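Note sheet for the following structure.
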Protein chains: 2
Amino acid sequence: MARRTGSHSDITGPRIRAAALKLFARHGFAAVSMRQIAAEVGLQAGALYLYTPDKQTLLFDLLRTHMEELIAAYTAASTPEEPQAALDHFVRFHMGRNLDHAEGVFLSYMELRNLDAENFARIEALRRGYEDRLAHILAAGQAAGHFRLADVRLATMAIIAMINGVNTWFREGGRLSRTAVGDIYVDMVRKAVAS
Amino acid sequence: MARRTGSHSDITGPRIRAAALKLFARHGFAAVSMRQIAAEVGLQAGALYLYTPDKQTLLFDLLRTHMEELIAAYTAASTPEEPQAALDHFVRFHMGRNLDHAEGVFLSYMELRNLDAENFARIEALRRGYEDRLAHILAAGQAAGHFRLADVRLATMAIIAMINGVNTWFREGGRLSRTAVGDIYVDMVRKAVAS
DNA sequence: GTCTATAGAAAGATAGAC
DNA sequence: GTCTATCTTTCTATAGAC
């Protein structure tokens, strides 16, 4: 398909979103100007408005994409049937995914307040859908007598929060490897839900 | 002590900090203007500069006060000697304190990036000092054979993150009371560190 | 101690040339 | 598809009156 010079619609969009993700995560949504995002991509500020109607929609698209790709990746990595194996798998998947998409994770927790009510509800629905995957594993293990949980929803939130916390301190090349941390967290989670 | 009309130095300072805490937590540091803070207190923007040299110092003072009062409160609530009792006590204290100071907790995790390097280091040192209280409990319990931990530092971070997560979903008057949630978390933590 | 007024910089978004 | 130029608003911080 022939294209005239200066026409980069299909590549510029992703580059804008990548720049915005990086800058929003690093400095915060409100602290980053459209001019900064444009400069990061090598554009003038006005050109951004060919790709997003406004700044908030740009943020919403980042959060929506982050959640959708998380769910798609979890779905693609088939979960074992057996509850204990499924739980171990969830812990390792969630930790690895979080570390590989740290900027998106940070944004999706910190910048929800910059969405309007409708967009906020959409992102929350996606997050809840993901959390339900873990809740179902726990409920199945509880029903089968493998786990002993006072409350499935609280255990779900506790496990996710615990793993999310890894992003605040883990550094590649630090004292413990990613695999070693994963092993230790799997062990702690196993014990926490054990019957 | 005689005081002329319009002189409220001793009361205005705390009111400014309270307003800034509320607004920063709700909308984010960068999204809140000095005018908004002043309006919340019933002042003009210029008057704020009698109480803080600039906006960032106002944020730093909030974070420092939050951490110092957290540590002071934990110190004042005497910790049991026995490791398991001390751990239970820490879980309940940390959860309750977080819920009572949700805005400060949120700020102290979300707005660190708005501090310069020196101020950031000071806040991190305070946080580390607090985390060490839990680490010492875990290490003592490990040494006494009450706990089995693959790594004391990881267990410390995991427990704190797990409890911090409560702030994102707990609502007073919801399905479970604060005490009920505390009981369940104490149970999960006990099991996670059990030998 | 607080106000009004303002300096000076920067923001989001749009119009129109190329 | 992108740029230049600009409108309009808002920001932090300061100066000086009261």
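Labels used: A, B, ... for chains in the order of the structure tokens, numbers from 1 for residues in each chain, and numbers from 1 for ligands as shown.
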Write out, as a tab-separated table, each residue of chain C that has an atom at most 8 Å from chain B, together with the closest pair of atoms and their distance in Å to one decimal, counting only C-alpha atoms (C1' of nucleotides), rows going by chain and rising number.
residue	atom	partner	partner_atom	distance
C:DG1	C1'	B:Ser7	CA	5.2
C:DT2	C1'	B:Ala47	CA	6.2
C:DC3	C1'	B:Gln44	CA	7.3
All alpha helix (DSSP H) positions in segment 129-163 of chain A, as a list in words: Gly129, Tyr130, Glu131, Asp132, Arg133, Leu134, Ala135, His136, Ile137, Leu138, Ala139, Ala140, Gly141, Gln142, Ala143, Val152, Arg153, Leu154, Ala155, Thr156, Met157, Ala158, Ile159, Ile160, Ala161, Met162 and Ile163 of chain A
Near segment 6-18 of chain C, counting only C-alpha atoms (C1' of nucleotides), which residues have an atom at most 12 Å away, once you skip same-chain residues fewer than 6 positions from it, shown as number ranges by chain? A: 6, 30-36, 45-50, 52-56; B: 31, 46; D: 1-16
Pull out every residue of chain B that has at least one atom within 8 Å of chain A, counting only C-alpha atoms, and report them as a ChimeraX atom specification. /B:26-28,30-31,110,113-114,150-151,154,157-166,181,184,188-194
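The space separating atom CA of Phe60 of chain A from atom CA of Asn98 of chain A comes to 18.9 Å.
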In Å, with one decimal, what is the gap from atom CA of Ala135 of chain A to atom CA of Gln84 of chain B? 28.6 Å
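Among the candidates A:Ala85, A:Val41, A:Leu99, A:Ile123, the one nearest to Ile11 of chain A when counting only C-alpha atoms is A:Val41.
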What gap, in Å, lies between atom CA of His94 of chain A and atom CA of Leu126 of chain A?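 Here the two named atoms are 15.3 Å from each other.
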